[in-house]
file entry.cif (mmCIF, C-alpha atoms)
data_data
loop_
_atom_site.group_PDB
_atom_site.id
_atom_site.type_symbol
_atom_site.label_atom_id
_atom_site.label_comp_id
_atom_site.auth_asym_id
_atom_site.auth_seq_id
_atom_site.Cartn_x
_atom_site.Cartn_y
_atom_site.Cartn_z
ATOM 1 C CA MET A 1 0.000 0.000 0.000
ATOM 2 C CA PHE A 2 1.419 3.366 -1.036
ATOM 3 C CA PHE A 3 -1.188 5.846 0.123
ATOM 4 C CA ALA A 4 -1.148 6.936 3.748
ATOM 5 C CA PRO A 5 -1.131 10.379 5.367
ATOM 6 C CA THR A 6 2.281 11.999 5.067
ATOM 7 C CA ARG A 7 3.538 13.156 8.460
ATOM 8 C CA ALA A 8 5.568 16.333 8.223
ATOM 9 C CA ALA A 9 7.787 17.413 11.114
ATOM 10 C CA ASP A 10 8.295 20.895 12.511
ATOM 11 C CA VAL A 11 10.249 23.775 10.952
ATOM 12 C CA ALA A 12 13.241 23.356 8.617
ATOM 13 C CA THR A 13 12.014 20.088 7.091
ATOM 14 C CA ALA A 14 11.040 18.914 3.614
ATOM 15 C CA THR A 15 8.868 15.786 3.474
ATOM 16 C CA PRO A 16 7.806 14.232 0.137
ATOM 17 C CA ILE A 17 4.200 13.069 -0.199
ATOM 18 C CA ARG A 18 4.358 9.307 0.377
ATOM 19 C CA GLY A 19 1.550 8.185 -1.911
ATOM 20 C CA TRP A 20 -1.550 9.145 -3.908
ATOM 21 C CA GLN A 21 -5.116 8.127 -4.571
ATOM 22 C CA VAL A 22 -5.676 8.399 -8.330
ATOM 23 C CA GLN A 23 -8.879 8.330 -10.372
ATOM 24 C CA SER A 24 -10.155 9.362 -13.800
ATOM 25 C CA SER A 25 -12.388 12.433 -13.836
ATOM 26 C CA ALA A 26 -14.781 10.365 -15.968
ATOM 27 C CA ALA A 27 -15.520 8.319 -12.844
ATOM 28 C CA VAL A 28 -15.739 11.239 -10.397
ATOM 29 C CA ASP A 29 -18.744 13.539 -10.181
ATOM 30 C CA ALA A 30 -17.078 16.140 -7.973
ATOM 31 C CA THR A 31 -14.936 19.254 -8.210
ATOM 32 C CA GLY A 32 -11.569 20.058 -6.693
ATOM 33 C CA ASP A 33 -12.991 21.943 -3.737
ATOM 34 C CA ALA A 34 -14.975 18.845 -2.746
ATOM 35 C CA ILE A 35 -12.283 16.265 -3.522
ATOM 36 C CA SER A 36 -9.729 18.129 -1.415
ATOM 37 C CA ARG A 37 -11.909 18.152 1.705
ATOM 38 C CA PRO A 38 -11.167 15.712 4.554
ATOM 39 C CA ASP A 39 -14.673 14.192 4.423
ATOM 40 C CA PHE A 40 -14.470 13.221 0.731
ATOM 41 C CA ARG A 41 -14.664 9.456 0.206
ATOM 42 C CA ALA A 42 -12.230 8.138 -2.382
ATOM 43 C CA ASP A 43 -13.586 4.594 -2.474
ATOM 44 C CA GLY A 44 -12.274 2.575 -5.402
ATOM 45 C CA TRP A 45 -9.478 4.988 -6.300
ATOM 46 C CA LEU A 46 -6.109 3.632 -7.410
ATOM 47 C CA ASP A 47 -3.320 3.362 -4.863
ATOM 48 C CA ALA A 48 -0.218 4.966 -6.408
ATOM 49 C CA PRO A 49 3.430 5.595 -5.475
ATOM 50 C CA PRO A 50 4.628 9.149 -4.730
ATOM 51 C CA ARG A 51 6.136 9.665 -8.191
ATOM 52 C CA SER A 52 3.662 8.107 -10.546
ATOM 53 C CA THR A 53 2.232 8.877 -13.952
ATOM 54 C CA VAL A 54 -1.330 7.715 -14.575
ATOM 55 C CA MET A 55 -0.079 4.670 -16.454
ATOM 56 C CA ALA A 56 2.293 3.860 -13.600
ATOM 57 C CA ALA A 57 -0.611 4.108 -11.149
ATOM 58 C CA LEU A 58 -2.595 1.623 -13.231
ATOM 59 C CA LEU A 59 0.358 -0.773 -13.308
ATOM 60 C CA ALA A 60 0.942 -0.423 -9.548
ATOM 61 C CA SER A 61 -2.690 -1.390 -8.941
ATOM 62 C CA GLY A 62 -2.279 -4.611 -10.915
ATOM 63 C CA ARG A 63 -3.803 -3.563 -14.216
ATOM 64 C CA TYR A 64 -2.097 -4.925 -17.348
ATOM 65 C CA PRO A 65 0.252 -7.424 -15.653
ATOM 66 C CA ASP A 66 1.862 -8.353 -18.986
ATOM 67 C CA ILE A 67 2.315 -4.788 -20.224
ATOM 68 C CA PHE A 68 5.928 -5.396 -21.306
ATOM 69 C CA PHE A 69 5.132 -8.532 -23.298
ATOM 70 C CA SER A 70 4.880 -8.252 -27.059
ATOM 71 C CA THR A 71 2.184 -5.786 -28.181
ATOM 72 C CA THR A 72 0.141 -5.872 -24.945
ATOM 73 C CA MET A 73 0.308 -2.125 -24.413
ATOM 74 C CA ARG A 74 -0.878 -1.402 -27.944
ATOM 75 C CA ASP A 75 -3.608 -4.040 -27.948
ATOM 76 C CA GLU A 76 -5.035 -3.854 -24.409
ATOM 77 C CA VAL A 77 -4.678 -0.244 -23.243
ATOM 78 C CA ASP A 78 -7.384 2.098 -24.522
ATOM 79 C CA PRO A 79 -5.796 5.522 -25.201
ATOM 80 C CA SER A 80 -9.164 7.246 -24.826
ATOM 81 C CA MET A 81 -8.864 6.677 -21.070
ATOM 82 C CA PHE A 82 -6.323 9.483 -21.016
ATOM 83 C CA ALA A 83 -8.338 11.999 -23.031
ATOM 84 C CA VAL A 84 -9.817 13.362 -19.779
ATOM 85 C CA PRO A 85 -8.144 14.781 -16.646
ATOM 86 C CA TRP A 86 -7.094 12.431 -13.854
ATOM 87 C CA TRP A 87 -7.289 13.312 -10.178
ATOM 88 C CA TYR A 88 -4.431 12.874 -7.695
ATOM 89 C CA ARG A 89 -5.408 13.109 -4.024
ATOM 90 C CA SER A 90 -3.338 12.819 -0.852
ATOM 91 C CA ALA A 91 -3.284 13.764 2.843
ATOM 92 C CA PHE A 92 -0.628 15.164 5.134
ATOM 93 C CA VAL A 93 -0.398 15.987 8.820
ATOM 94 C CA VAL A 94 1.722 18.818 10.213
ATOM 95 C CA ASN A 95 2.927 19.386 13.754
ATOM 96 C CA GLY A 96 4.359 22.353 15.584
ATOM 97 C CA THR A 97 3.923 26.055 15.000
ATOM 98 C CA GLY A 98 5.760 26.527 11.706
ATOM 99 C CA ARG A 99 4.328 27.545 8.352
ATOM 100 C CA THR A 100 3.338 24.987 5.711
ATOM 101 C CA LEU A 101 4.126 25.177 2.013
ATOM 102 C CA LEU A 102 3.709 22.723 -0.854
ATOM 103 C CA ARG A 103 6.382 22.407 -3.534
ATOM 104 C CA THR A 104 5.715 20.674 -6.851
ATOM 105 C CA ASP A 105 8.913 19.417 -8.491
ATOM 106 C CA GLY A 106 7.362 18.489 -11.830
ATOM 107 C CA ILE A 107 3.893 17.559 -13.092
ATOM 108 C CA ILE A 108 3.138 16.501 -16.678
ATOM 109 C CA HIS A 109 1.646 18.238 -18.488
ATOM 110 C CA ARG A 110 -0.184 20.750 -16.290
ATOM 111 C CA ALA A 111 -2.138 20.742 -13.040
ATOM 112 C CA GLU A 112 -4.291 22.670 -10.627
ATOM 113 C CA LEU A 113 -3.814 22.538 -6.863
ATOM 114 C CA TYR A 114 -6.585 22.393 -4.259
ATOM 115 C CA VAL A 115 -6.012 22.213 -0.508
ATOM 116 C CA ASN A 116 -8.790 21.692 2.041
ATOM 117 C CA GLY A 117 -11.533 22.901 -0.268
ATOM 118 C CA SER A 118 -9.709 25.941 -1.659
ATOM 119 C CA LYS A 119 -8.078 26.383 -5.046
ATOM 120 C CA VAL A 120 -4.440 27.378 -4.551
ATOM 121 C CA ALA A 121 -3.078 27.375 -8.120
ATOM 122 C CA GLY A 122 -4.218 26.850 -11.703
ATOM 123 C CA THR A 123 -2.731 25.366 -14.851
ATOM 124 C CA ASP A 124 -1.221 28.738 -15.691
ATOM 125 C CA GLU A 125 0.997 28.339 -12.614
ATOM 126 C CA ILE A 126 1.761 24.599 -12.588
ATOM 127 C CA ALA A 127 3.015 23.311 -15.917
ATOM 128 C CA GLY A 128 5.925 21.269 -17.139
ATOM 129 C CA ALA A 129 8.037 18.247 -16.306
ATOM 130 C CA TYR A 130 10.826 20.189 -14.600
ATOM 131 C CA PRO A 131 9.638 23.619 -13.330
ATOM 132 C CA VAL A 132 9.521 23.792 -9.526
ATOM 133 C CA HIS A 133 6.714 25.780 -7.874
ATOM 134 C CA THR A 134 6.154 26.560 -4.191
ATOM 135 C CA PHE A 135 2.810 27.571 -2.674
ATOM 136 C CA ASP A 136 2.084 28.827 0.835
ATOM 137 C CA VAL A 137 -0.889 26.816 2.145
ATOM 138 C CA ASN A 138 -0.489 27.727 5.803
ATOM 139 C CA ASP A 139 -3.777 29.621 6.006
ATOM 140 C CA VAL A 140 -5.876 27.185 3.958
ATOM 141 C CA GLY A 141 -8.183 25.061 6.061
ATOM 142 C CA PRO A 142 -7.365 23.216 9.301
ATOM 143 C CA ALA A 143 -3.850 23.840 10.576
ATOM 144 C CA ARG A 144 -2.920 20.226 11.328
ATOM 145 C CA HIS A 145 -4.782 17.819 9.028
ATOM 146 C CA GLN A 146 -4.530 18.730 5.353
ATOM 147 C CA ARG A 147 -5.869 17.278 2.104
ATOM 148 C CA ALA A 148 -4.473 18.203 -1.305
ATOM 149 C CA CYS A 149 -5.467 17.197 -4.815
ATOM 150 C CA HIS A 150 -4.282 17.801 -8.360
ATOM 151 C CA PRO A 151 -6.394 17.409 -11.500
ATOM 152 C CA CYS A 152 -3.975 16.647 -14.328
ATOM 153 C CA PRO A 153 -5.487 17.383 -17.761
ATOM 154 C CA PRO A 154 -4.312 15.555 -20.882
ATOM 155 C CA GLY A 155 -1.641 17.105 -23.041
ATOM 156 C CA HIS A 156 0.578 16.426 -26.004
ATOM 157 C CA PRO A 157 4.345 15.822 -25.778
ATOM 158 C CA MET A 158 4.943 17.870 -28.925
ATOM 159 C CA SER A 159 3.120 20.983 -27.731
ATOM 160 C CA ASP A 160 3.259 20.833 -23.915
ATOM 161 C CA LEU A 161 6.164 20.998 -21.478
ATOM 162 C CA SER A 162 6.691 17.263 -21.269
ATOM 163 C CA ILE A 163 9.562 14.803 -21.653
ATOM 164 C CA GLY A 164 10.676 12.738 -24.635
ATOM 165 C CA TRP A 165 11.575 9.110 -25.137
ATOM 166 C CA VAL A 166 14.421 7.166 -26.682
ATOM 167 C CA ASP A 167 13.726 6.132 -30.251
ATOM 168 C CA TRP A 168 13.325 2.438 -29.433
ATOM 169 C CA ASN A 169 10.825 2.937 -26.601
ATOM 170 C CA PRO A 170 7.127 3.198 -27.530
ATOM 171 C CA THR A 171 5.298 6.288 -26.342
ATOM 172 C CA PRO A 172 3.130 5.391 -23.309
ATOM 173 C CA PRO A 173 -0.588 5.822 -24.015
ATOM 174 C CA ASP A 174 -0.955 8.411 -21.220
ATOM 175 C CA THR A 175 1.958 10.455 -22.682
ATOM 176 C CA ASN A 176 3.410 10.441 -19.147
ATOM 177 C CA MET A 177 0.641 12.615 -17.672
ATOM 178 C CA GLY A 178 0.683 12.883 -13.906
ATOM 179 C CA VAL A 179 2.886 13.564 -10.903
ATOM 180 C CA TRP A 180 6.217 12.231 -12.128
ATOM 181 C CA ARG A 181 8.458 14.047 -9.608
ATOM 182 C CA ASP A 182 7.930 14.662 -5.910
ATOM 183 C CA VAL A 183 5.366 16.924 -4.305
ATOM 184 C CA VAL A 184 6.969 18.057 -1.048
ATOM 185 C CA VAL A 185 5.547 19.396 2.219
ATOM 186 C CA LEU A 186 7.821 22.192 3.431
ATOM 187 C CA ARG A 187 7.828 23.382 7.023
ATOM 188 C CA THR A 188 9.402 26.730 7.738
ATOM 189 C CA GLY A 189 9.387 29.651 10.117
ATOM 190 C CA ALA A 190 8.400 33.230 9.396
ATOM 191 C CA VAL A 191 11.508 33.605 7.217
ATOM 192 C CA ARG A 192 12.577 30.987 4.701
ATOM 193 C CA LEU A 193 15.820 30.410 2.826
ATOM 194 C CA ALA A 194 15.328 28.962 -0.643
ATOM 195 C CA ASP A 195 17.190 28.129 -3.848
ATOM 196 C CA LEU A 196 20.738 28.086 -2.519
ATOM 197 C CA HIS A 197 23.215 28.423 -5.377
ATOM 198 C CA VAL A 198 27.002 28.105 -5.342
ATOM 199 C CA ARG A 199 29.022 29.419 -8.268
ATOM 200 C CA SER A 200 32.667 28.408 -8.454
ATOM 201 C CA ASP A 201 35.456 30.281 -10.232
ATOM 202 C CA VAL A 202 38.452 27.929 -10.325
ATOM 203 C CA ASP A 203 42.010 28.941 -11.175
ATOM 204 C CA ILE A 204 42.275 26.598 -14.140
ATOM 205 C CA GLU A 205 46.035 26.997 -14.632
ATOM 206 C CA SER A 206 47.186 26.155 -11.116
ATOM 207 C CA LEU A 207 44.082 24.553 -9.588
ATOM 208 C CA ALA A 208 45.438 26.012 -6.359
ATOM 209 C CA HIS A 209 42.415 27.995 -5.362
ATOM 210 C CA ALA A 210 38.818 28.776 -6.251
ATOM 211 C CA ARG A 211 36.480 31.598 -5.463
ATOM 212 C CA LEU A 212 32.976 30.545 -4.405
ATOM 213 C CA GLN A 213 30.048 32.902 -4.804
ATOM 214 C CA ILE A 214 27.079 31.822 -2.685
ATOM 215 C CA SER A 215 23.575 33.203 -3.134
ATOM 216 C CA VAL A 216 20.246 32.342 -1.544
ATOM 217 C CA ASP A 217 16.728 33.758 -1.653
ATOM 218 C CA VAL A 218 15.345 35.065 1.636
ATOM 219 C CA GLU A 219 11.543 35.023 1.773
ATOM 220 C CA ASN A 220 9.395 36.795 4.349
ATOM 221 C CA ALA A 221 6.128 34.950 4.996
ATOM 222 C CA ASP A 222 4.090 38.079 5.671
ATOM 223 C CA GLN A 223 4.270 41.880 5.729
ATOM 224 C CA ALA A 224 5.908 42.154 9.149
ATOM 225 C CA GLU A 225 9.293 43.850 9.165
ATOM 226 C CA ARG A 226 12.118 41.512 10.244
ATOM 227 C CA THR A 227 15.882 41.730 10.572
ATOM 228 C CA VAL A 228 17.664 38.556 9.482
ATOM 229 C CA THR A 229 21.306 37.584 9.986
ATOM 230 C CA LEU A 230 22.724 34.945 7.639
ATOM 231 C CA SER A 231 25.761 32.850 8.452
ATOM 232 C CA GLY A 232 27.333 29.796 6.878
ATOM 233 C CA THR A 233 30.185 27.341 7.195
ATOM 234 C CA VAL A 234 32.392 25.923 4.467
ATOM 235 C CA THR A 235 33.460 22.354 5.262
ATOM 236 C CA GLY A 236 35.850 19.921 3.665
ATOM 237 C CA THR A 237 38.785 22.344 3.794
ATOM 238 C CA ALA A 238 41.185 20.204 5.816
ATOM 239 C CA ASN A 239 44.845 20.708 4.844
ATOM 240 C CA ARG A 240 43.883 23.560 2.542
ATOM 241 C CA ASP A 241 44.220 27.284 2.841
ATOM 242 C CA TYR A 242 40.865 28.929 3.265
ATOM 243 C CA SER A 243 40.284 32.657 3.180
ATOM 244 C CA PRO A 244 36.654 33.764 3.442
ATOM 245 C CA ALA A 245 35.632 36.640 1.208
ATOM 246 C CA THR A 246 33.127 39.271 2.191
#
call {"tool": "encode", "arguments": {"input": "entry.cif", "output": "structure tokens"}}
result
Amino acid sequence: MFFAPTRAADVATATPIRGWQVQSSAAVDATGDAISRPDFRADGWLDAPPRSTVMAALLASGRYPDIFFSTTMRDEVDPSMFAVPWWYRSAFVVNGTGRTLLRTDGIIHRAELYVNGSKVAGTDEIAGAYPVHTFDVNDVGPARHQRACHPCPPGHPMSDLSIGWVDWNPTPPDTNMGVWRDVVVLRTGAVRLADLHVRSDVDIESLAHARLQISVDVENADQAERTVTLSGTVTGTANRDYSPAT
């Protein structure tokens, strides 16, 4: 079993969603605000791993056991199944007094995001196999028990931000639609550090030294004025000269 509530710790943690409930919108007579509520019943939904396209969710549930044999995928999988959006639904529990954010690391081809009955983002904000998006959901619904869902509409790998395939591998009938990289529960304080980047400038001729330029985004969770002091430590410098630059 993959799906179970994801338990996120207190501040300064990043916890990937541990599993999903997945279902075709053709079989669900409900909208995102209803599906993302704690009292919604997802009876009969597929049990899927945390990084799972729709086709992968079907395989994980036992559908098409001989998918890799001969022409099984071509002959037994109906591509029209993937002509409608598919829903991804999960639950997470947070503890402590920190703020809660959700980060999507890549959803094919596009998605919306609902949390506890409220729409947080649309397909104009979540699109593409690799773009990373972070959303503050701290003030959406109950503070501790959360429900989130994504409707993933169909797309086309030649016109949407998708991924390709090697020439000898047949295109999957779902064109890889779904949550194919992690969705992560972030716990942070009133100020968050994000997107740390280290740029190195190495003395190519001597290889004797390198200058490191470190940058990081500092995000304030609200409009309150705060003074923040940043500090860091460079490790792995044993037996080497190290001169910090300001």
call {"tool": "resolve_selection", "arguments": {"input": "entry.cif", "expression": "the PyMOL selection byres ((chain A and resi 178) around 12)", "output": "number ranges by chain"}}
result
A: 20-24, 48-58, 82, 85-89, 104-112, 126-129, 149-155, 162-163, 174-177, 179-183
call {"tool": "closest_residue", "arguments": {"input": "entry.cif", "among": "A:Ala34, A:Ala121, A:Leu101, A:Ala27", "to": "Val84 of chain A", "atoms": "only C-alpha atoms"}}
result
A:Ala27
call {"tool": "residues_around", "arguments": {"input": "entry.cif", "residues": "segment 217-225 of chain A", "least_positions_apart": "2", "cutoff": "6 Å", "atoms": "all atoms listed in the file", "output": "ChimeraX atom specification"}}
result
/A:190-194
call {"tool": "resolve_selection", "arguments": {"input": "entry.cif", "expression": "the PyMOL selection byres ((chain A and resi 114-118) around 7)", "output": "ChimeraX atom specification"}}
result
/A:32-34,36-38,112-113,119-120,140-141,146-150
call {"tool": "write_last_selection", "arguments": {"input": "entry.cif", "atoms": "C-alpha atoms", "output": "PDB file, in the frame of the given file"}}
result
ATOM      1  CA  GLY A  32     -11.569  20.058  -6.693  1.00  0.00           C
ATOM      2  CA  ASP A  33     -12.991  21.943  -3.737  1.00  0.00           C
ATOM      3  CA  ALA A  34     -14.975  18.845  -2.746  1.00  0.00           C
ATOM      4  CA  SER A  36      -9.729  18.129  -1.415  1.00  0.00           C
ATOM      5  CA  ARG A  37     -11.909  18.152   1.705  1.00  0.00           C
ATOM      6  CA  PRO A  38     -11.167  15.712   4.554  1.00  0.00           C
ATOM      7  CA  GLU A 112      -4.291  22.670 -10.627  1.00  0.00           C
ATOM      8  CA  LEU A 113      -3.814  22.538  -6.863  1.00  0.00           C
ATOM      9  CA  LYS A 119      -8.078  26.383  -5.046  1.00  0.00           C
ATOM     10  CA  VAL A 120      -4.440  27.378  -4.551  1.00  0.00           C
ATOM     11  CA  VAL A 140      -5.876  27.185   3.958  1.00  0.00           C
ATOM     12  CA  GLY A 141      -8.183  25.061   6.061  1.00  0.00           C
ATOM     13  CA  GLN A 146      -4.530  18.730   5.353  1.00  0.00           C
ATOM     14  CA  ARG A 147      -5.869  17.278   2.104  1.00  0.00           C
ATOM     15  CA  ALA A 148      -4.473  18.203  -1.305  1.00  0.00           C
ATOM     16  CA  CYS A 149      -5.467  17.197  -4.815  1.00  0.00           C
ATOM     17  CA  HIS A 150      -4.282  17.801  -8.360  1.00  0.00           C
TER      18      HIS A 150
END
call {"tool": "atom_distance", "arguments": {"input": "entry.cif", "atom1": "atom CA of Leu161 of chain A", "atom2": "atom CA of Ala83 of chain A"}}
result
17.1 Å
call {"tool": "closest_atom_pairs", "arguments": {"input": "entry.cif", "of": "segment 151-204 of chain A", "to": "segment 90-95 of chain A", "cutoff": "10 Å", "atoms": "all atoms listed in the file", "output": "tab-separated table"}}
result
residue	atom	partner	partner_atom	distance
A:Val185	CA	A:Phe92	CA	8.0
A:Leu186	CA	A:Val94	CA	9.7
A:Arg187	CA	A:Val94	CA	8.3
call {"tool": "residues_around", "arguments": {"input": "entry.cif", "residues": "Pro173 of chain A", "least_positions_apart": "3", "cutoff": "9 Å", "atoms": "all atoms listed in the file", "output": "ChimeraX atom specification"}}
result
/A:55,73-74,77-82,170,176
call {"tool": "build_atoms", "arguments": {"input": "entry.cif", "residues": "segment 161-172 of chain A", "atoms": "N, CA and C atoms", "output": "CSV table (one decimal), keeping the file's coordinate frame"}}
result
chain,number,residue,atom,x,y,z
A,161,LEU,N,4.9,21.1,-22.1
A,161,LEU,CA,6.2,21.0,-21.5
A,161,LEU,C,6.3,19.6,-20.9
A,162,SER,N,6.7,18.7,-21.7
A,162,SER,CA,6.7,17.3,-21.3
A,162,SER,C,8.1,16.7,-21.3
A,163,ILE,N,8.3,15.4,-21.5
A,163,ILE,CA,9.6,14.8,-21.7
A,163,ILE,C,9.5,13.9,-22.9
A,164,GLY,N,10.6,13.6,-23.4
A,164,GLY,CA,10.7,12.7,-24.6
A,164,GLY,C,11.0,11.3,-24.3
A,165,TRP,N,11.2,10.5,-25.3
A,165,TRP,CA,11.6,9.1,-25.1
A,165,TRP,C,12.7,8.7,-26.1
A,166,VAL,N,13.4,7.7,-25.8
A,166,VAL,CA,14.4,7.2,-26.7
A,166,VAL,C,13.7,6.6,-27.9
A,167,ASP,N,14.4,6.5,-29.0
A,167,ASP,CA,13.7,6.1,-30.3
A,167,ASP,C,13.2,4.7,-30.3
A,168,TRP,N,13.8,3.8,-29.4
A,168,TRP,CA,13.3,2.4,-29.4
A,168,TRP,C,12.2,2.1,-28.4
A,169,ASN,N,11.8,3.2,-27.6
A,169,ASN,CA,10.8,2.9,-26.6
A,169,ASN,C,9.5,3.5,-27.1
A,170,PRO,N,8.4,2.7,-27.1
A,170,PRO,CA,7.1,3.2,-27.5
A,170,PRO,C,6.6,4.3,-26.6
A,171,THR,N,5.9,5.2,-27.1
A,171,THR,CA,5.3,6.3,-26.3
A,171,THR,C,4.2,5.7,-25.5
A,172,PRO,N,4.2,5.9,-24.2
A,172,PRO,CA,3.1,5.4,-23.3
A,172,PRO,C,1.8,6.0,-23.7
